[in-house]
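Engineer: Sending over protein_38.txt (compact mmCIF, C-alpha atoms).
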```
# COMPACT_ATOMS: atom_id res chain seq x y z
CA MET A 1 -2.38 -69.01 -2.69
CA VAL A 2 -4.13 -71.83 -0.84
CA GLU A 3 -1.35 -74.24 -1.81
CA VAL A 4 1.27 -71.79 -0.52
CA ALA A 5 -0.72 -71.49 2.71
CA GLU A 6 -0.59 -75.28 3.08
CA ILE A 7 3.21 -75.09 3.00
CA ALA A 8 3.21 -72.22 5.50
CA ALA A 9 0.92 -74.11 7.88
CA ARG A 10 3.65 -76.71 8.46
CA SER A 11 5.58 -74.14 10.50
CA PHE A 12 3.35 -71.12 11.14
CA GLU A 13 0.42 -70.97 13.53
CA THR A 14 -1.51 -68.34 11.58
CA VAL A 15 -1.82 -67.46 7.90
CA TRP A 16 -2.59 -63.78 7.35
CA LEU A 17 -3.92 -62.16 4.18
CA SER A 18 -4.04 -58.48 3.30
CA ASP A 19 -7.30 -56.79 2.41
CA GLN A 20 -6.85 -54.06 -0.19
CA LEU A 21 -10.14 -53.96 -2.19
CA GLN A 22 -8.22 -54.68 -5.40
CA SER A 23 -7.11 -58.21 -4.52
CA ARG A 24 -8.94 -61.52 -4.37
CA GLY A 25 -11.75 -61.80 -1.83
CA VAL A 26 -10.01 -62.14 1.51
CA ALA A 27 -12.86 -63.86 3.35
CA VAL A 28 -13.27 -66.49 0.63
CA LEU A 29 -9.56 -67.27 0.59
CA LEU A 30 -9.28 -67.37 4.38
CA GLY A 31 -12.18 -69.83 4.48
CA ALA A 32 -10.45 -72.08 1.98
CA ILE A 33 -7.17 -71.84 3.89
CA ALA A 34 -8.85 -72.57 7.22
CA ALA A 35 -10.67 -75.60 5.80
CA ARG A 36 -7.61 -77.00 4.02
CA THR A 37 -4.86 -76.36 6.56
CA GLY A 38 -6.25 -76.25 10.08
CA ALA A 39 -4.14 -73.15 10.67
CA GLY A 40 -5.38 -70.01 12.34
CA VAL A 41 -6.24 -67.24 9.89
CA GLY A 42 -6.33 -63.48 10.02
CA THR A 43 -6.59 -60.24 8.09
CA ALA A 44 -3.45 -58.10 8.03
CA VAL A 45 -5.25 -55.87 7.76
CA THR A 46 -8.78 -54.89 6.90
CA PHE A 47 -10.21 -51.37 7.36
CA PRO A 48 -13.56 -49.67 8.01
CA PHE A 49 -13.86 -47.81 4.70
CA GLY A 50 -15.96 -49.52 2.04
CA ARG A 51 -16.44 -52.37 4.48
CA ASN A 52 -19.77 -53.13 6.13
CA PRO A 53 -19.17 -54.25 9.74
CA LEU A 54 -22.15 -56.59 9.53
CA GLU A 55 -20.49 -58.43 6.67
CA MET A 56 -17.05 -58.47 8.27
CA ALA A 57 -18.36 -59.59 11.65
CA SER A 58 -20.25 -62.41 9.93
CA SER A 59 -17.16 -63.46 7.97
CA MET A 60 -14.99 -63.54 11.08
CA ALA A 61 -17.55 -65.50 13.10
CA THR A 62 -17.98 -67.98 10.25
CA LEU A 63 -14.22 -68.45 9.98
CA ALA A 64 -14.11 -69.18 13.70
CA GLU A 65 -16.36 -72.18 13.08
CA PHE A 66 -13.57 -73.74 11.01
CA MET A 67 -10.95 -73.45 13.74
CA PRO A 68 -9.59 -76.58 15.39
CA GLU A 69 -8.61 -76.52 19.05
CA GLY A 70 -5.63 -74.31 19.68
CA ARG A 71 -6.14 -72.11 16.62
CA ARG A 72 -8.07 -68.88 16.32
CA VAL A 73 -9.22 -66.14 13.98
CA SER A 74 -7.60 -62.71 14.15
CA MET A 75 -9.31 -59.66 12.71
CA GLY A 76 -6.46 -57.31 12.03
CA ILE A 77 -7.81 -53.84 11.31
CA GLY A 78 -6.28 -50.46 10.59
CA THR A 79 -7.12 -47.06 9.22
CA GLY A 80 -6.37 -47.93 5.58
CA GLY A 81 -3.14 -47.58 3.65
CA GLY A 82 -2.09 -45.98 0.41
CA LEU A 83 -4.08 -48.28 -1.89
CA VAL A 84 -7.25 -47.61 0.08
CA SER A 85 -6.76 -43.84 0.29
CA ALA A 86 -6.18 -43.76 -3.47
CA LEU A 87 -9.79 -44.91 -3.92
CA MET A 88 -11.71 -43.06 -1.24
CA SER A 89 -11.57 -40.30 1.31
CA LEU A 90 -10.61 -41.59 4.74
CA GLN A 91 -12.64 -39.35 7.02
CA ASN A 92 -12.22 -39.68 10.80
CA PRO A 93 -10.26 -42.93 10.46
CA ILE A 94 -9.59 -43.66 14.14
CA GLU A 95 -13.21 -43.06 15.13
CA ARG A 96 -14.32 -45.32 12.29
CA VAL A 97 -12.04 -48.13 13.45
CA ALA A 98 -13.29 -47.75 17.03
CA GLU A 99 -16.94 -47.92 15.94
CA PHE A 100 -16.21 -50.90 13.69
CA ILE A 101 -14.66 -52.82 16.57
CA ALA A 102 -17.54 -51.96 18.92
CA MET A 103 -20.16 -53.10 16.40
CA CYS A 104 -18.41 -56.40 15.73
CA ARG A 105 -17.99 -57.20 19.40
CA LEU A 106 -21.67 -56.70 20.20
CA LEU A 107 -22.74 -58.75 17.20
CA TRP A 108 -20.43 -61.58 18.29
CA GLN A 109 -21.96 -61.45 21.76
CA GLY A 110 -25.41 -61.96 20.24
CA ASP A 111 -26.59 -58.45 21.10
CA ALA A 112 -28.75 -56.31 18.84
CA ILE A 113 -27.11 -53.12 17.61
CA ARG A 114 -28.74 -49.87 16.50
CA MET A 115 -27.05 -48.30 13.48
CA GLY A 116 -27.53 -44.75 14.71
CA ASP A 117 -25.37 -45.50 17.75
CA TYR A 118 -22.38 -45.56 15.37
CA PRO A 119 -22.67 -42.22 13.59
CA GLN A 120 -19.45 -42.35 11.57
CA ILE A 121 -20.18 -45.75 10.02
CA CYS A 122 -23.89 -45.04 9.73
CA ALA A 123 -23.27 -41.90 7.69
CA GLY A 124 -20.42 -43.39 5.68
CA LEU A 125 -22.39 -46.43 4.55
CA GLY A 126 -25.82 -44.82 4.29
CA LEU A 127 -27.34 -47.02 6.99
CA ARG A 128 -30.71 -46.25 8.54
CA GLU A 129 -30.25 -44.73 11.99
CA ASP A 130 -33.19 -46.59 13.50
CA ALA A 131 -32.32 -49.94 11.91
CA ARG A 132 -31.24 -52.81 14.16
CA ALA A 133 -29.32 -55.98 13.47
CA SER A 134 -28.21 -59.06 15.38
CA PHE A 135 -26.76 -62.53 14.75
CA SER A 136 -28.92 -65.39 15.99
CA TRP A 137 -26.65 -68.13 14.66
CA THR A 138 -23.39 -67.60 16.53
CA SER A 139 -22.40 -67.49 20.17
CA LYS A 140 -19.29 -65.60 21.22
CA PRO A 141 -16.89 -66.82 18.54
CA ASP A 142 -13.20 -66.77 19.41
CA VAL A 143 -12.13 -63.81 17.29
CA ARG A 144 -9.14 -61.74 18.35
CA VAL A 145 -9.19 -58.07 17.34
CA VAL A 146 -5.76 -56.58 16.68
CA VAL A 147 -5.16 -53.04 15.49
CA ALA A 148 -2.30 -52.11 13.16
CA GLY A 149 -0.79 -48.67 13.43
CA ALA A 150 2.17 -46.49 14.26
CA GLY A 151 0.71 -43.12 15.31
CA PRO A 152 0.01 -42.17 18.92
CA LYS A 153 -3.76 -41.82 18.52
CA VAL A 154 -4.35 -45.15 16.81
CA LEU A 155 -2.07 -46.94 19.28
CA GLU A 156 -3.85 -45.41 22.26
CA MET A 157 -7.18 -46.51 20.81
CA ALA A 158 -5.75 -50.01 20.22
CA GLY A 159 -4.59 -50.25 23.82
CA GLU A 160 -8.06 -49.39 25.09
CA LEU A 161 -10.33 -51.33 22.73
CA ALA A 162 -8.39 -54.15 21.06
CA ASP A 163 -6.98 -57.54 22.08
CA GLY A 164 -3.63 -56.74 20.57
CA VAL A 165 -1.59 -54.49 18.34
CA ILE A 166 0.41 -55.00 15.15
CA CYS A 167 3.57 -52.94 14.65
CA ALA A 168 5.26 -53.62 11.32
CA SER A 169 8.95 -53.26 10.55
CA ASN A 170 8.38 -51.38 7.29
CA PHE A 171 7.09 -48.33 9.17
CA PRO A 172 9.99 -46.10 10.18
CA ALA A 173 8.94 -45.79 13.84
CA HIS A 174 9.00 -49.58 14.25
CA SER A 175 11.80 -50.41 11.83
CA LEU A 176 15.27 -51.87 12.11
CA ALA A 177 16.48 -48.30 11.56
CA ALA A 178 14.63 -47.18 14.69
CA PHE A 179 16.13 -49.98 16.76
CA ARG A 180 19.69 -49.56 15.47
CA SER A 181 19.59 -45.79 15.91
CA GLY A 182 18.60 -46.17 19.54
CA GLN A 183 15.47 -44.11 18.87
CA PHE A 184 12.85 -46.85 19.12
CA ASP A 185 11.58 -45.91 22.58
CA ALA A 186 11.38 -42.24 21.58
CA VAL A 187 9.61 -42.70 18.22
CA SER A 188 7.59 -45.94 18.59
CA ASN A 189 4.64 -44.28 20.40
CA LEU A 190 4.26 -47.36 22.56
CA ASP A 191 3.80 -45.04 25.55
CA SER A 192 0.47 -44.10 23.93
CA LEU A 193 -0.40 -47.79 23.73
CA ASP A 194 0.30 -48.09 27.45
CA ARG A 195 -2.02 -45.15 28.19
CA GLY A 196 -4.80 -46.88 26.34
CA ARG A 197 -4.16 -50.10 28.22
CA GLN A 198 -4.62 -48.27 31.52
CA ARG A 199 -8.21 -47.48 30.50
CA SER A 200 -8.97 -50.88 29.02
CA GLN A 201 -11.37 -53.36 30.52
CA ARG A 202 -9.92 -56.17 28.41
CA GLY A 203 -7.48 -58.54 30.05
CA GLN A 204 -5.09 -60.37 27.78
CA PHE A 205 -3.28 -58.20 25.24
CA THR A 206 -0.83 -59.34 22.56
CA ARG A 207 1.93 -57.23 21.01
CA ILE A 208 2.58 -58.56 17.52
CA TYR A 209 5.65 -57.56 15.56
CA GLY A 210 5.32 -57.79 11.78
CA VAL A 211 8.56 -58.46 9.93
CA ASN A 212 8.47 -57.33 6.32
CA LEU A 213 10.74 -59.71 4.46
CA SER A 214 11.70 -60.79 0.95
CA VAL A 215 13.62 -64.04 0.48
CA SER A 216 14.75 -65.92 -2.62
CA ALA A 217 17.64 -68.06 -3.83
CA ASP A 218 18.19 -65.16 -6.24
CA ARG A 219 19.48 -62.32 -4.05
CA ASP A 220 18.94 -59.65 -6.70
CA SER A 221 15.29 -60.59 -7.18
CA ALA A 222 14.68 -60.68 -3.44
CA CYS A 223 16.27 -57.27 -2.95
CA ALA A 224 14.32 -55.79 -5.86
CA ALA A 225 11.03 -56.91 -4.28
CA ALA A 226 12.14 -55.38 -0.98
CA ARG A 227 12.99 -52.06 -2.62
CA ARG A 228 9.54 -51.99 -4.21
CA GLN A 229 7.90 -52.51 -0.82
CA ALA A 230 10.13 -49.90 0.80
CA THR A 231 9.34 -47.44 -1.98
CA LEU A 232 5.67 -47.51 -1.02
CA ILE A 233 6.68 -46.50 2.50
CA VAL A 234 9.22 -43.74 1.83
CA SER A 235 6.88 -42.19 -0.73
CA GLN A 236 4.03 -41.87 1.77
CA GLN A 237 5.77 -41.14 5.07
CA PRO A 238 6.32 -37.50 6.11
CA PRO A 239 10.03 -36.58 5.86
CA GLU A 240 10.16 -35.87 9.60
CA ASN A 241 9.18 -39.48 10.37
CA LEU A 242 12.02 -40.73 8.18
CA HIS A 243 14.50 -38.23 9.59
CA ARG A 244 13.79 -39.24 13.19
CA VAL A 245 15.18 -42.73 12.57
CA GLY A 246 18.23 -41.59 10.60
CA PHE A 247 17.13 -41.25 6.98
CA GLU A 248 18.19 -38.15 5.07
CA PRO A 249 16.20 -36.57 2.18
CA SER A 250 19.00 -37.52 -0.21
CA ASP A 251 18.32 -41.19 0.60
CA TYR A 252 14.89 -41.17 -1.02
CA ALA A 253 14.47 -37.89 -2.93
CA ALA A 254 14.97 -39.48 -6.35
CA THR A 255 12.45 -42.20 -5.55
CA ARG A 256 9.78 -39.74 -4.43
CA ALA A 257 10.43 -37.53 -7.47
CA ALA A 258 10.02 -40.47 -9.84
CA LEU A 259 6.68 -41.41 -8.32
CA LYS A 260 5.49 -37.82 -8.42
CA ALA A 261 6.46 -37.66 -12.10
CA GLY A 262 4.32 -40.73 -12.80
CA ASP A 263 7.18 -43.07 -13.61
CA GLY A 264 5.61 -45.95 -11.69
CA VAL A 265 6.60 -47.91 -8.58
CA ASP A 266 9.08 -50.22 -10.30
CA ALA A 267 11.02 -47.35 -11.86
CA ALA A 268 11.00 -45.43 -8.58
CA ALA A 269 12.18 -48.51 -6.68
CA ASP A 270 15.22 -48.78 -8.94
CA LEU A 271 16.32 -45.39 -7.57
CA LEU A 272 16.05 -46.34 -3.89
CA PRO A 273 19.41 -47.31 -2.37
CA GLN A 274 19.43 -50.90 -1.14
CA GLU A 275 20.82 -49.84 2.23
CA VAL A 276 17.69 -47.72 2.76
CA ALA A 277 15.39 -50.62 1.89
CA ASP A 278 17.37 -52.92 4.20
CA GLN A 279 16.38 -50.77 7.18
CA LEU A 280 12.68 -51.33 6.42
CA VAL A 281 12.50 -54.77 4.78
CA VAL A 282 14.73 -57.78 5.49
CA SER A 283 15.83 -59.25 2.15
CA GLY A 284 18.22 -61.56 0.32
CA THR A 285 19.02 -65.25 0.29
CA PRO A 286 18.04 -67.48 3.22
CA GLY A 287 21.50 -66.95 4.71
CA ASP A 288 21.16 -63.19 4.41
CA CYS A 289 17.75 -63.19 6.04
CA ILE A 290 18.62 -65.45 8.97
CA GLU A 291 21.09 -62.99 10.47
CA ALA A 292 18.98 -59.87 9.92
CA LEU A 293 15.78 -61.59 11.05
CA ALA A 294 17.41 -62.86 14.23
CA GLU A 295 18.66 -59.35 15.02
CA LEU A 296 15.26 -57.79 14.43
CA LEU A 297 13.36 -60.38 16.44
CA GLU A 298 15.75 -59.94 19.37
CA TYR A 299 15.13 -56.20 19.31
CA ALA A 300 11.36 -56.80 19.14
CA GLU A 301 11.39 -59.23 22.07
CA ASP A 302 13.38 -56.77 24.17
CA ALA A 303 10.77 -54.11 23.33
CA GLY A 304 7.97 -56.28 24.73
CA PHE A 305 6.57 -57.97 21.63
CA THR A 306 5.38 -61.52 22.30
CA GLU A 307 4.37 -62.69 18.82
CA ALA A 308 5.71 -62.14 15.31
CA TYR A 309 4.67 -62.73 11.73
CA ILE A 310 6.50 -62.53 8.42
CA GLY A 311 4.79 -60.25 5.93
CA ALA A 312 4.90 -58.56 2.56
CA PRO A 313 6.41 -58.94 0.12
CA VAL A 314 7.64 -62.36 1.47
CA GLY A 315 9.53 -62.82 -1.80
CA PRO A 316 9.38 -62.36 -5.57
CA ASP A 317 7.90 -65.89 -5.81
CA PRO A 318 5.62 -66.56 -2.82
CA ARG A 319 5.81 -70.35 -3.14
CA GLU A 320 9.60 -70.36 -3.25
CA ALA A 321 9.75 -67.83 -0.41
CA VAL A 322 7.52 -69.84 1.92
CA GLU A 323 9.37 -73.05 1.12
CA LEU A 324 12.67 -71.36 1.96
CA LEU A 325 11.24 -69.87 5.14
CA THR A 326 9.93 -73.18 6.42
CA SER A 327 12.88 -75.35 5.35
CA GLN A 328 15.93 -73.10 5.77
CA VAL A 329 15.20 -69.89 7.66
CA LEU A 330 12.92 -70.76 10.60
CA PRO A 331 14.85 -73.91 11.65
CA GLU A 332 17.92 -71.71 12.21
CA LEU A 333 15.97 -69.37 14.50
CA ARG A 334 14.63 -71.97 16.89
```
Give the structure from the file, written as structure tokens.

Structural biologist:
Amino acid sequence: MVEVAEIAARSFETVWLSDQLQSRGVAVLLGAIAARTGAGVGTAVTFPFGRNPLEMASSMATLAEFMPEGRRVSMGIGTGGGLVSALMSLQNPIERVAEFIAMCRLLWQGDAIRMGDYPQICAGLGLREDARASFSWTSKPDVRVVVAGAGPKVLEMAGELADGVICASNFPAHSLAAFRSGQFDAVSNLDSLDRGRQRSQRGQFTRIYGVNLSVSADRDSACAAARRQATLIVSQQPPENLHRVGFEPSDYAATRAALKAGDGVDAAADLLPQEVADQLVVSGTPGDCIEALAELLEYAEDAGFTEAYIGAPVGPDPREAVELLTSQVLPELR
């Protein structure tokens, strides 16, 4: 993974890693990537459940010490996806994210925090209400907080409290399907983001568009990885969210039924039509991806996004995928 990140750093400003509890330690890997590449690093995304904000704030501040001029650390945070909710109950997720952000910011400023001032996290982690903590070793590290989400409440909170927002193309409301259907403005909930911004005391704000993509010289393998990623989305999204951007129940009913029957993600993905996956995840050979990626990025720019990243699954072979992205795909987009 570090070697793949070194390839990515030739063309990308930031290397992001997901944080899912069941993968390798994200902070350790980001430290290695930061030290080896000089690229900016970020979590895409972490979450407040099962995560101690003292530990995460310390990790982010430490990573910031590795950053060369012109690069920064981004703490992407969300309410927790399917893999997280499969392990624990996600109680009051938006409030937990808000408290997590507030705790981290004060710690980065060098202030002492009282655990009882953050009741959701205090209760969830079993912290002592009267306990206090502070960092004496860091001074206002350059850590950008960006919130990932698609719902109106989480986007409004992001607009008020964060430095930016992540909207990913694999979520129906922010997908290629939403853009092509002409429904993006109606379903994206970015009006809620704007309401939050009106209350914010933070100046600069970045709108980041995450492009879920799968590229390979082997088109079939790339498309299969994309269908697997899309399966995780259509199996978790309420039918009304899918319908609003043009999907019909017949498009994904067999896939959802297979998962419910316990057939596994791979078997369920085989039942998802490729044209459905293509609306959520860009996939194929480099030539296939260039055209679709250019279309999607143009839509995103017109919608006000100022930054973009390429995310999961990237490709069936991450090393091959990143090499193709840096050598064949990105040069055609510049």

Engineer: Quick one: distance from atom CA of A:Met75 to atom CA of A:Val45 in Å, one decimal?

Structural biologist: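 Pair atom CA of A:Met75 / atom CA of A:Val45 returns 7.4 Å.
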
Engineer: Find the distance between atom CA of A:Lys140 and atom CA of A:Ala64 and write it in Å to one decimal.

Structural biologist: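 According to the coordinates, atom CA of A:Lys140 and atom CA of A:Ala64 are separated by 9.8 Å.
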
Engineer: Extract, using all atoms listed in the file, all DNA, RNA and protein residues at most 7 Å from stretch 272-276 of chain A, discarding same-chain residues fewer than 6 positions from it, and format them as a list in words.

Structural biologist: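 Listed by chain and then number, they are Arg227, Asp251, Tyr252 and Thr255 of chain A.
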
Engineer: Can those selected residues be exported to a file as a compact mmCIF listing (two decimals), keeping the file's coordinate frame so that it contains C-alpha atoms?

Structural biologist:
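Output saved as out.txt:
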```txt
# COMPACT_ATOMS: atom_id res chain seq x y z
CA ARG A 227 12.99 -52.06 -2.62
CA ASP A 251 18.32 -41.19 0.60
CA TYR A 252 14.89 -41.17 -1.02
CA THR A 255 12.45 -42.20 -5.55
```

Engineer: So how far away is atom CA of A:Phe305 from atom CA of A:Thr14, in Å?

Structural biologist: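 Answer for the atom CA of A:Thr14 to atom CA of A:Phe305 separation: 16.5 Å.
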
Engineer: Which is closer to A:Leu193 than all the others in A:Ala173, A:Ala39, A:Ala257, A:Val165, using only C-alpha atoms?

Structural biologist: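 Closest to A:Leu193, using only C-alpha atoms: A:Val165.
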
Engineer: Produce a table with one row for each residue of stretch 114-197 of chain A that has an atom at most 9 Å from any atom of stretch 289-297 of chain A, each row naming the nearest atom pair and its distance in Å at one decimal; use all atoms listed in the file; arrange rows by chain and rising residue number; format as CSV.

Structural biologist:
```
residue,atom,partner,partner_atom,distance
A:Ser169,CA,A:Leu296,CA,8.7
A:Ser175,CA,A:Leu296,CA,8.6
A:Leu176,CA,A:Leu296,CA,6.4
A:Phe179,CA,A:Leu296,CA,8.2
```
